[in-house]
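Structure below is start-v3.csv: CSV, C-alpha atoms.
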chain,number,residue,atom,x,y,z
A,870,MET,CA,110.0,58.6,66.0
A,871,TYR,CA,108.4,59.7,62.8
A,872,ARG,CA,109.4,60.1,59.2
A,873,ASP,CA,109.1,63.5,57.5
A,874,SER,CA,106.8,62.9,54.5
A,875,GLU,CA,109.0,65.1,52.2
A,876,THR,CA,112.5,63.9,53.2
A,877,ALA,CA,111.7,60.4,54.7
A,878,LYS,CA,114.2,61.3,57.4
A,879,PRO,CA,113.5,59.8,60.8
A,880,ASP,CA,113.2,62.2,63.7
A,881,LEU,CA,112.3,62.2,67.4
A,882,MET,CA,108.8,63.6,67.9
A,883,LEU,CA,108.4,63.8,71.7
A,884,SER,CA,111.3,63.2,74.0
A,885,SER,CA,110.9,61.6,77.4
A,886,SER,CA,113.2,60.4,80.1
A,887,SER,CA,113.7,56.6,80.5
A,888,GLY,CA,111.2,54.8,82.5
A,889,ARG,CA,108.7,57.6,82.8
A,890,THR,CA,105.2,58.1,81.3
A,891,THR,CA,103.1,61.0,80.4
A,892,ILE,CA,100.4,62.1,82.9
A,893,CYS,CA,98.0,63.2,80.2
A,894,GLU,CA,96.4,61.4,77.2
A,895,VAL,CA,98.8,61.8,74.2
A,896,GLU,CA,97.7,61.0,70.7
A,897,ILE,CA,99.8,61.0,67.6
A,898,VAL,CA,97.8,62.2,64.6
A,899,PHE,CA,98.8,61.5,61.1
A,900,ASP,CA,97.8,63.2,57.8
A,901,GLN,CA,99.3,63.2,54.4
A,902,LYS,CA,101.6,66.2,55.0
A,903,HIS,CA,102.7,66.0,58.7
A,904,THR,CA,102.4,64.3,62.0
A,905,ALA,CA,101.1,66.1,65.0
A,906,ILE,CA,101.0,65.4,68.8
A,907,GLU,CA,97.8,66.2,70.6
A,908,ILE,CA,97.9,66.3,74.4
A,909,GLU,CA,94.6,66.3,76.3
A,910,ALA,CA,95.0,68.1,79.7
A,911,HIS,CA,93.4,66.9,82.9
A,912,ASP,CA,90.3,68.9,83.8
A,913,ASP,CA,90.6,71.6,86.4
A,914,THR,CA,88.8,69.6,89.1
A,915,GLU,CA,91.2,66.7,88.8
A,916,VAL,CA,94.2,69.1,88.9
A,917,LEU,CA,92.9,70.8,92.0
A,918,GLU,CA,92.4,67.5,93.7
A,919,LEU,CA,95.9,66.4,92.9
A,920,LEU,CA,97.2,69.8,94.0
A,921,SER,CA,95.3,69.4,97.3
A,922,ASP,CA,96.9,66.0,97.9
A,923,TYR,CA,100.3,67.4,97.0
A,924,SER,CA,100.0,70.4,99.3
A,925,LYS,CA,99.0,68.1,102.2
A,926,SER,CA,101.8,65.7,101.6
A,927,LEU,CA,104.4,68.5,101.2
A,928,PHE,CA,103.2,70.4,104.2
A,929,GLU,CA,103.7,67.2,106.3
A,930,LYS,CA,107.3,67.0,105.0
A,931,ALA,CA,108.0,70.6,105.6
A,932,LYS,CA,106.4,70.9,109.0
A,933,PRO,CA,106.8,67.6,110.8
A,934,LYS,CA,105.4,67.1,114.2
A,935,GLY,CA,106.9,65.1,117.1
A,936,ASP,CA,110.2,63.4,117.7
A,937,GLU,CA,112.5,62.2,114.9
A,938,GLU,CA,111.3,58.6,114.9
A,939,ALA,CA,107.6,59.8,114.7
A,940,VAL,CA,108.5,62.0,111.8
A,941,VAL,CA,110.2,59.2,109.9
A,942,GLN,CA,107.2,56.9,110.5
A,943,SER,CA,104.8,59.6,109.5
A,944,ILE,CA,106.6,60.3,106.2
A,945,ASN,CA,106.9,56.6,105.4
A,946,SER,CA,103.3,55.9,106.1
A,947,SER,CA,101.7,59.0,104.7
A,948,PHE,CA,100.0,59.2,101.3
A,949,SER,CA,102.2,60.2,98.4
A,950,LEU,CA,101.5,60.9,94.8
A,951,SER,CA,103.1,59.0,92.0
A,952,VAL,CA,106.6,60.3,90.9
A,953,GLU,CA,105.2,61.4,87.5
A,954,ILE,CA,102.3,63.4,89.1
A,955,GLU,CA,104.6,65.0,91.7
A,956,ARG,CA,107.2,65.9,89.0
A,957,ALA,CA,104.5,67.5,86.8
A,958,LEU,CA,103.1,69.5,89.6
A,959,LYS,CA,106.6,70.7,90.6
A,960,ASN,CA,107.2,71.8,87.0
A,961,MET,CA,103.9,73.6,86.8
A,962,LEU,CA,104.5,75.3,90.1
A,963,LYS,CA,108.2,76.1,89.1
A,964,LEU,CA,109.5,74.4,92.2
A,965,THR,CA,111.9,71.9,90.7
A,966,GLY,CA,115.4,71.1,91.9
A,967,ALA,CA,117.1,71.3,95.3
A,968,ILE,CA,119.2,73.7,97.2
A,969,LYS,CA,121.7,73.2,100.0
A,970,ASN,CA,120.6,74.1,103.5
A,971,GLU,CA,122.7,75.6,106.2
A,972,SER,CA,124.2,72.3,107.1
A,973,GLY,CA,125.2,71.6,103.5
A,974,ARG,CA,122.5,69.0,102.8
A,975,ARG,CA,120.4,69.1,99.7
A,976,VAL,CA,116.8,70.0,100.3
A,977,GLN,CA,114.0,70.0,97.6
A,978,LYS,CA,112.9,73.5,96.7
A,979,ASP,CA,109.3,72.6,97.2
A,980,VAL,CA,109.9,71.6,100.8
A,981,VAL,CA,111.8,74.8,101.4
A,982,PHE,CA,109.0,76.8,99.9
A,983,ALA,CA,106.4,75.0,102.0
A,984,LYS,CA,108.2,75.8,105.2
A,985,ASP,CA,107.2,79.5,104.9
A,986,PHE,CA,103.6,78.6,105.4
A,987,SER,CA,102.0,78.1,108.9
A,988,ARG,CA,98.8,76.5,107.5
A,989,GLU,CA,98.4,73.9,104.8
A,990,VAL,CA,95.4,75.7,103.4
A,991,ASP,CA,97.5,78.8,102.8
A,992,LEU,CA,100.1,76.7,100.9
A,993,TYR,CA,97.3,75.2,98.8
A,994,ASN,CA,95.9,78.6,98.0
A,995,GLU,CA,99.3,79.8,96.9
A,996,PHE,CA,99.6,76.8,94.7
A,997,ILE,CA,96.3,77.6,93.1
A,998,GLU,CA,97.5,81.1,92.2
A,999,ARG,CA,100.9,79.9,90.9
A,1000,ILE,CA,99.6,77.1,88.7
A,1001,MET,CA,97.4,79.4,86.6
A,1002,LEU,CA,94.9,76.8,85.5
A,1003,GLN,CA,93.0,79.3,83.4
A,1004,GLU,CA,96.0,79.6,81.0
A,1005,ARG,CA,96.5,75.8,80.6
A,1006,THR,CA,94.5,74.3,77.8
A,1007,GLN,CA,94.8,71.4,75.3
A,1008,VAL,CA,98.1,71.4,73.5
A,1009,GLN,CA,98.8,70.5,69.9
A,1010,LEU,CA,102.4,70.3,68.5
A,1011,LEU,CA,102.9,70.5,64.8
A,1012,PRO,CA,106.2,70.3,62.8
A,1013,SER,CA,107.5,73.7,61.9
A,1014,SER,CA,106.6,74.9,58.4
A,1015,SER,CA,110.0,76.8,58.2
A,1016,ASP,CA,112.5,75.3,55.8
A,1017,ASP,CA,115.2,76.0,58.3
A,1018,ASN,CA,113.5,73.9,61.0
A,1019,LEU,CA,111.5,71.1,59.3
A,1020,ASN,CA,112.1,68.7,62.1
A,1021,GLY,CA,111.1,71.1,64.9
A,1022,PHE,CA,107.7,71.4,66.6
A,1023,ASN,CA,106.0,74.6,67.5
A,1024,PRO,CA,103.5,74.6,70.4
A,1025,LEU,CA,100.2,76.2,69.4
A,1026,SER,CA,99.3,76.6,73.1
A,1027,ARG,CA,101.1,75.6,76.3
A,1028,THR,CA,100.1,73.5,79.2

Let me see the file written as structure tokens.
Amino acid sequence: MYRDSETAKPDLMLSSSSGRTTICEVEIVFDQKHTAIEIEAHDDTEVLELLSDYSKSLFEKAKPKGDEEAVVQSINSSFSLSVEIERALKNMLKLTGAIKNESGRRVQKDVVFAKDFSREVDLYNEFIERIMLQERTQVQLLPSSSDDNLNGFNPLSRT
């Protein structure tokens, strides 16, 4: 929450879902005229490491080996990323949500996507292309200067 310095009206600055945290450093910066949100992105090396871990984990889910009991044991014992990191990567890769398979069961879109790859390294390389790290930089959100939208924020750049 913040208060607009001109109207003293409280407003929500950055929404989030309950129980979740941001995966980047977020700083709220105040000056006499407005409040801004600055988000410091992870460096590319760290994102690529997370992407590698995600592609390995996802490939194991999409291409299980062995009988059903071995598959369940493998999934339960395999490394997994935190919910927040996995959600962020799915958003960045545009692989959110689920679809119904031929038997009517919901399957996560990322798992369906990964099934098309015969090698984990190919899935990882596709993820590197899709995530477009070169276009992701530090973000600063400022209140809109428009009289019609005093409580809104305009992204100066996008992550």

Give as a ChimeraX atom specification every residue, naming chains and numbers as the document does, that has an atom within 9 Å of (98.8, 73.3, 95.6), counting all atoms listed in the file. /A:917-925,958,962,990,992-1000

Between CA of Ser949 (chain A) and CA of Glu896 (chain A), what is the distance, to one decimal in Å?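 Interatomic distance, CA of Ser949 (chain A) to CA of Glu896 (chain A): 28.1 Å.
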
Pull the closest atom pair for each residue of region 973-1016 of chain A that gets at most 8 Å from region 898-912 of chain A, along with the distance in Å to one decimal, counting all atoms listed in the file, ordering rows by chain and then ascending residue number, as CSV.
residue,atom,partner,partner_atom,distance
A:Arg1005,CA,A:Ala910,CA,7.9
A:Thr1006,CA,A:Ala910,CA,6.5
A:Gln1007,CA,A:Glu909,CA,5.2
A:Val1008,CA,A:Ile908,CA,5.2
A:Gln1009,CA,A:Glu907,CA,4.5
A:Leu1010,CA,A:Ile906,CA,5.1
A:Leu1011,CA,A:Ala905,CA,4.8
A:Pro1012,CA,A:His903,CA,6.9

What does the distance from CA of Asp985 (chain A) to CA of Ala957 (chain A) come to in Å, to one decimal?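 Taking CA of Asp985 (chain A) and CA of Ala957 (chain A), their separation equals 21.9 Å.
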
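In this model, the gap between CA of Glu915 (chain A) and CA of Leu927 (chain A) comes to 18.2 Å.
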
Missing atoms of region 890-901 of chain A rebuilt to all heavy atoms, written as a short mmCIF file (atom, residue, chain, number, x, y, z; two decimals), in the coordinates of the input:
data_model
loop_
_atom_site.label_atom_id
_atom_site.label_comp_id
_atom_site.auth_asym_id
_atom_site.auth_seq_id
_atom_site.Cartn_x
_atom_site.Cartn_y
_atom_site.Cartn_z
N THR A 890 106.37 58.00 82.20
CA THR A 890 105.20 58.10 81.30
C THR A 890 104.66 59.48 81.34
O THR A 890 105.00 60.28 82.19
CB THR A 890 104.11 57.10 81.80
OG1 THR A 890 103.71 57.50 83.11
CG2 THR A 890 104.59 55.68 81.81
N THR A 891 103.79 59.77 80.40
CA THR A 891 103.10 61.00 80.40
C THR A 891 101.96 60.96 81.42
O THR A 891 101.46 59.88 81.70
CB THR A 891 102.54 61.42 79.03
OG1 THR A 891 101.59 60.42 78.67
CG2 THR A 891 103.64 61.51 78.01
N ILE A 892 101.52 62.07 81.95
CA ILE A 892 100.40 62.10 82.90
C ILE A 892 99.09 62.43 82.21
O ILE A 892 98.04 62.37 82.82
CB ILE A 892 100.66 62.96 84.12
CG1 ILE A 892 100.78 64.41 83.72
CG2 ILE A 892 101.87 62.48 84.87
CD1 ILE A 892 100.73 65.37 84.87
N CYS A 893 99.16 62.82 80.97
CA CYS A 893 98.00 63.20 80.20
C CYS A 893 97.84 62.22 79.03
O CYS A 893 98.78 61.54 78.65
CB CYS A 893 98.10 64.60 79.64
SG CYS A 893 98.17 65.86 80.91
N GLU A 894 96.65 62.21 78.45
CA GLU A 894 96.40 61.40 77.20
C GLU A 894 97.21 62.10 76.09
O GLU A 894 97.12 63.31 75.91
CB GLU A 894 94.96 61.35 76.88
CG GLU A 894 94.14 60.56 77.87
CD GLU A 894 94.52 59.08 77.92
OE1 GLU A 894 94.81 58.50 76.86
OE2 GLU A 894 94.53 58.53 79.02
N VAL A 895 97.97 61.31 75.35
CA VAL A 895 98.80 61.80 74.20
C VAL A 895 98.37 61.02 73.00
O VAL A 895 98.36 59.80 73.04
CB VAL A 895 100.27 61.71 74.49
CG1 VAL A 895 101.06 62.16 73.28
CG2 VAL A 895 100.67 62.49 75.72
N GLU A 896 98.05 61.72 71.93
CA GLU A 896 97.70 61.00 70.70
C GLU A 896 98.54 61.57 69.57
O GLU A 896 98.76 62.78 69.44
CB GLU A 896 96.20 61.32 70.38
CG GLU A 896 95.70 60.59 69.17
CD GLU A 896 94.21 60.82 68.93
OE1 GLU A 896 93.53 61.38 69.80
OE2 GLU A 896 93.76 60.42 67.85
N ILE A 897 99.06 60.65 68.77
CA ILE A 897 99.80 61.00 67.60
C ILE A 897 98.87 60.98 66.42
O ILE A 897 98.26 59.95 66.15
CB ILE A 897 101.04 60.13 67.39
CG1 ILE A 897 101.96 60.23 68.62
CG2 ILE A 897 101.79 60.49 66.11
CD1 ILE A 897 103.11 59.29 68.62
N VAL A 898 98.73 62.11 65.73
CA VAL A 898 97.80 62.20 64.60
C VAL A 898 98.53 62.37 63.34
O VAL A 898 99.44 63.20 63.22
CB VAL A 898 96.87 63.50 64.86
CG1 VAL A 898 95.86 63.64 63.76
CG2 VAL A 898 96.20 63.43 66.23
N PHE A 899 98.17 61.56 62.36
CA PHE A 899 98.80 61.50 61.10
C PHE A 899 97.91 62.11 59.99
O PHE A 899 96.71 61.87 60.02
CB PHE A 899 99.20 60.12 60.64
CG PHE A 899 100.08 59.40 61.61
CD1 PHE A 899 99.53 58.55 62.56
CD2 PHE A 899 101.45 59.57 61.58
CE1 PHE A 899 100.34 57.88 63.46
CE2 PHE A 899 102.26 58.91 62.48
CZ PHE A 899 101.70 58.06 63.41
N ASP A 900 98.47 62.87 59.08
CA ASP A 900 97.80 63.20 57.80
C ASP A 900 98.80 63.08 56.71
O ASP A 900 99.93 62.69 56.95
CB ASP A 900 97.02 64.52 57.89
CG ASP A 900 97.93 65.74 57.91
OD1 ASP A 900 99.09 65.65 57.46
OD2 ASP A 900 97.48 66.81 58.35
N GLN A 901 98.43 63.45 55.50
CA GLN A 901 99.30 63.20 54.40
C GLN A 901 100.56 64.14 54.40
O GLN A 901 101.58 63.82 53.80
CB GLN A 901 98.59 63.41 53.06
CG GLN A 901 97.56 62.31 52.85
CD GLN A 901 96.85 62.47 51.52
OE1 GLN A 901 97.04 63.44 50.81
NE2 GLN A 901 96.01 61.50 51.20
#
